[in-house]
file protein01.cif (mmCIF, C-alpha atoms)
data_protein
loop_
_atom_site.group_PDB
_atom_site.id
_atom_site.type_symbol
_atom_site.label_atom_id
_atom_site.label_comp_id
_atom_site.auth_asym_id
_atom_site.auth_seq_id
_atom_site.Cartn_x
_atom_site.Cartn_y
_atom_site.Cartn_z
ATOM 1 C CA MET Q 1 163.277 -13.480 37.260
ATOM 2 C CA THR Q 2 163.903 -12.347 33.704
ATOM 3 C CA ASP Q 3 160.194 -12.637 32.901
ATOM 4 C CA HIS Q 4 159.419 -10.118 35.623
ATOM 5 C CA ALA Q 5 162.100 -7.715 34.361
ATOM 6 C CA THR Q 6 160.813 -8.055 30.783
ATOM 7 C CA ALA Q 7 157.236 -7.443 31.867
ATOM 8 C CA HIS Q 8 158.313 -4.381 33.834
ATOM 9 C CA ALA Q 9 160.302 -3.025 30.881
ATOM 10 C CA GLU Q 10 157.294 -3.460 28.600
ATOM 11 C CA MET Q 11 155.048 -1.569 31.007
ATOM 12 C CA ALA Q 12 157.464 1.304 31.627
ATOM 13 C CA PRO Q 13 156.680 3.370 28.483
ATOM 14 C CA HIS Q 14 152.936 3.121 29.152
ATOM 15 C CA GLU Q 15 153.323 4.140 32.792
ATOM 16 C CA ALA Q 16 155.382 7.186 31.813
ATOM 17 C CA ALA Q 17 152.397 8.545 29.885
ATOM 18 C CA HIS Q 18 150.244 8.726 33.016
ATOM 19 C CA ALA Q 19 150.045 11.751 35.234
ATOM 20 C CA SER Q 20 151.979 12.057 38.467
ATOM 21 C CA ASN Q 21 150.471 11.918 41.940
ATOM 22 C CA GLN Q 22 150.854 15.688 42.162
ATOM 23 C CA THR Q 23 148.653 16.065 39.080
ATOM 24 C CA TYR Q 24 145.936 13.938 40.668
ATOM 25 C CA VAL Q 25 146.047 16.009 43.857
ATOM 26 C CA ARG Q 26 145.819 19.181 41.774
ATOM 27 C CA ILE Q 27 142.818 17.793 39.859
ATOM 28 C CA ALA Q 28 141.125 16.791 43.125
ATOM 29 C CA PHE Q 29 141.660 20.318 44.451
ATOM 30 C CA ILE Q 30 140.173 21.839 41.287
ATOM 31 C CA LEU Q 31 137.173 19.504 41.547
ATOM 32 C CA ALA Q 32 136.660 20.549 45.173
ATOM 33 C CA VAL Q 33 136.786 24.239 44.204
ATOM 34 C CA ILE Q 34 134.263 23.688 41.398
ATOM 35 C CA THR Q 35 131.959 21.900 43.849
ATOM 36 C CA ILE Q 36 132.234 24.790 46.310
ATOM 37 C CA VAL Q 37 131.384 27.233 43.505
ATOM 38 C CA GLU Q 38 128.360 25.103 42.538
ATOM 39 C CA VAL Q 39 127.042 25.125 46.096
ATOM 40 C CA ALA Q 40 127.754 28.837 46.526
ATOM 41 C CA ILE Q 41 126.007 29.967 43.339
ATOM 42 C CA TYR Q 42 122.924 27.974 44.294
ATOM 43 C CA TYR Q 43 122.419 30.302 47.261
ATOM 44 C CA LEU Q 44 123.040 33.555 45.351
ATOM 45 C CA PRO Q 45 119.728 35.149 44.317
ATOM 46 C CA SER Q 46 121.420 37.260 41.627
ATOM 47 C CA VAL Q 47 122.483 34.106 39.748
ATOM 48 C CA ARG Q 48 118.974 32.557 39.582
ATOM 49 C CA PRO Q 49 118.338 33.488 35.920
ATOM 50 C CA ILE Q 50 121.445 31.598 34.764
ATOM 51 C CA LEU Q 51 121.605 29.001 37.534
ATOM 52 C CA VAL Q 52 120.811 25.923 35.432
ATOM 53 C CA PRO Q 53 123.222 26.714 32.565
ATOM 54 C CA ALA Q 54 125.963 27.634 35.049
ATOM 55 C CA LEU Q 55 125.514 24.396 36.993
ATOM 56 C CA LEU Q 56 125.451 22.383 33.767
ATOM 57 C CA ILE Q 57 128.695 23.947 32.547
ATOM 58 C CA LEU Q 58 130.409 23.351 35.882
ATOM 59 C CA SER Q 59 129.121 19.765 35.994
ATOM 60 C CA ILE Q 60 130.367 19.086 32.471
ATOM 61 C CA ALA Q 61 133.787 20.459 33.422
ATOM 62 C CA LYS Q 62 133.912 18.156 36.450
ATOM 63 C CA PHE Q 63 132.737 15.202 34.378
ATOM 64 C CA ILE Q 64 135.471 15.733 31.785
ATOM 65 C CA MET Q 65 138.142 16.026 34.462
ATOM 66 C CA VAL Q 66 137.001 12.897 36.307
ATOM 67 C CA VAL Q 67 136.698 10.824 33.149
ATOM 68 C CA GLY Q 68 139.919 12.126 31.655
ATOM 69 C CA PHE Q 69 142.162 11.744 34.673
ATOM 70 C CA PHE Q 70 140.678 9.463 37.314
ATOM 71 C CA MET Q 71 139.289 6.979 34.803
ATOM 72 C CA HIS Q 72 142.524 7.352 32.779
ATOM 73 C CA LEU Q 73 140.580 7.981 29.579
ATOM 74 C CA LYS Q 74 142.946 10.799 28.666
ATOM 75 C CA PHE Q 75 145.828 8.335 28.532
ATOM 76 C CA ASP Q 76 144.005 5.513 26.731
ATOM 77 C CA HIS Q 77 143.901 4.722 23.051
ATOM 78 C CA ARG Q 78 141.832 7.053 20.837
ATOM 79 C CA LEU Q 79 139.426 4.232 20.016
ATOM 80 C CA TYR Q 80 138.426 3.909 23.678
ATOM 81 C CA ARG Q 81 137.883 7.650 23.959
ATOM 82 C CA PHE Q 82 135.775 7.588 20.795
ATOM 83 C CA MET Q 83 133.689 4.672 22.066
ATOM 84 C CA PHE Q 84 133.055 6.444 25.376
ATOM 85 C CA ALA Q 85 132.199 9.751 23.696
ATOM 86 C CA ALA Q 86 129.960 8.067 21.102
ATOM 87 C CA GLY Q 87 127.987 6.302 23.833
ATOM 88 C CA LEU Q 88 127.663 9.556 25.736
ATOM 89 C CA VAL Q 89 126.475 11.470 22.660
ATOM 90 C CA LEU Q 90 124.032 8.705 21.747
ATOM 91 C CA THR Q 91 122.605 8.663 25.261
ATOM 92 C CA LEU Q 92 122.253 12.439 25.287
ATOM 93 C CA GLY Q 93 120.532 12.335 21.879
ATOM 94 C CA VAL Q 94 118.012 9.713 23.021
ATOM 95 C CA TYR Q 95 117.328 11.685 26.200
ATOM 96 C CA LEU Q 96 116.783 14.942 24.295
ATOM 97 C CA ALA Q 97 114.573 13.170 21.729
ATOM 98 C CA ALA Q 98 112.421 11.746 24.528
ATOM 99 C CA LEU Q 99 112.128 15.188 26.125
ATOM 100 C CA ALA Q 100 111.182 16.742 22.784
ATOM 101 C CA MET Q 101 108.589 14.038 22.230
ATOM 102 C CA PHE Q 102 106.945 14.728 25.588
ATOM 103 C CA TRP Q 103 107.088 18.508 25.141
ATOM 104 C CA THR Q 104 105.457 18.441 21.712
ATOM 105 C CA SER Q 105 102.901 15.748 22.489
ATOM 106 C CA ASN Q 106 99.277 16.794 22.847
ATOM 107 C CA TYR Q 107 98.397 13.599 24.657
ATOM 108 C CA ALA Q 108 96.488 14.087 27.881
ATOM 109 C CA PRO Q 109 95.937 10.989 30.006
ATOM 110 C CA PRO Q 110 92.306 10.189 30.789
ATOM 111 C CA LEU Q 111 90.994 11.357 34.112
ATOM 112 C CA PRO Q 112 90.291 8.625 36.659
ATOM 113 C CA ALA Q 113 86.667 7.713 37.209
ATOM 114 C CA ALA Q 114 85.200 9.330 40.286
#

call {"tool": "encode", "arguments": {"input": "protein01.cif", "output": "structure tokens"}}
result
Amino acid sequence: MTDHATAHAEMAPHEAAHASNQTYVRIAFILAVITIVEVAIYYLPSVRPILVPALLILSIAKFIMVVGFFMHLKFDHRLYRFMFAAGLVLTLGVYLAALAMFWTSNYAPPLPAA
């Protein structure tokens, strides 16, 4: 019985750092609103010139909120946040390097024999 009480007492400070249920509901509501805005701006012809940057910014905002709150990354140790961010930055760098390589390449595949 005392082991259970000790384990609970050790967990209590860590649990206090997490957000409340009300915070999670608020975050879910904000995510729903951002999704509605994303769908709405897709159908607005006046937004077409900035559609891709606007959708990227909104998607990044949703990504940060989901990772920070629902994956509890905001409440984890800094090392875990750094490892997640470093992997994300590395992946983005490799992706952009591959895109740049294809955009600047003069390679044209051979035409199939007729």

call {"tool": "atom_distance", "arguments": {"input": "protein01.cif", "atom1": "CA of Pro53 (chain Q)", "atom2": "CA of Gly68 (chain Q)"}}
result
22.2 Å

call {"tool": "atom_distance", "arguments": {"input": "protein01.cif", "atom1": "CA of Asp76 (chain Q)", "atom2": "CA of His18 (chain Q)"}}
result
9.4 Å

call {"tool": "atom_distance", "arguments": {"input": "protein01.cif", "atom1": "CA of Leu56 (chain Q)", "atom2": "CA of Asn21 (chain Q)"}}
result
28.3 Å

call {"tool": "resolve_selection", "arguments": {"input": "protein01.cif", "expression": "the PyMOL selection byres ((chain Q and resi 73) around 12)", "output": "PyMOL selection string"}}
result
chain Q and resi 17-19+63-72+74-85

call {"tool": "axis_aligned_box", "arguments": {"input": "protein01.cif", "around": "region 67-85 of chain Q", "padding_each_side": "3 Å", "output": "JSON"}}
result
{"center_x": 139.0, "center_y": 8.0, "center_z": 28.7, "size_x": 19.6, "size_y": 14.2, "size_z": 23.3}

call {"tool": "residues_around", "arguments": {"input": "protein01.cif", "residues": "Leu55 (chain Q)", "least_positions_apart": "4", "cutoff": "8 Å", "atoms": "all atoms listed in the file", "output": "list in words"}}
result
Glu38, Leu51 and Ser59 of chain Q

call {"tool": "write_last_selection", "arguments": {"input": "protein01.cif", "atoms": "C-alpha atoms", "output": "CSV table (one decimal), keeping the file's coordinate frame"}}
result
chain,number,residue,atom,x,y,z
Q,38,GLU,CA,128.4,25.1,42.5
Q,51,LEU,CA,121.6,29.0,37.5
Q,59,SER,CA,129.1,19.8,36.0

call {"tool": "closest_residue", "arguments": {"input": "protein01.cif", "among": "Q:Pro49, Q:Ile57, Q:Lys62, Q:Leu44", "to": "Ile30 (chain Q)", "atoms": "only C-alpha atoms"}}
result
Q:Lys62
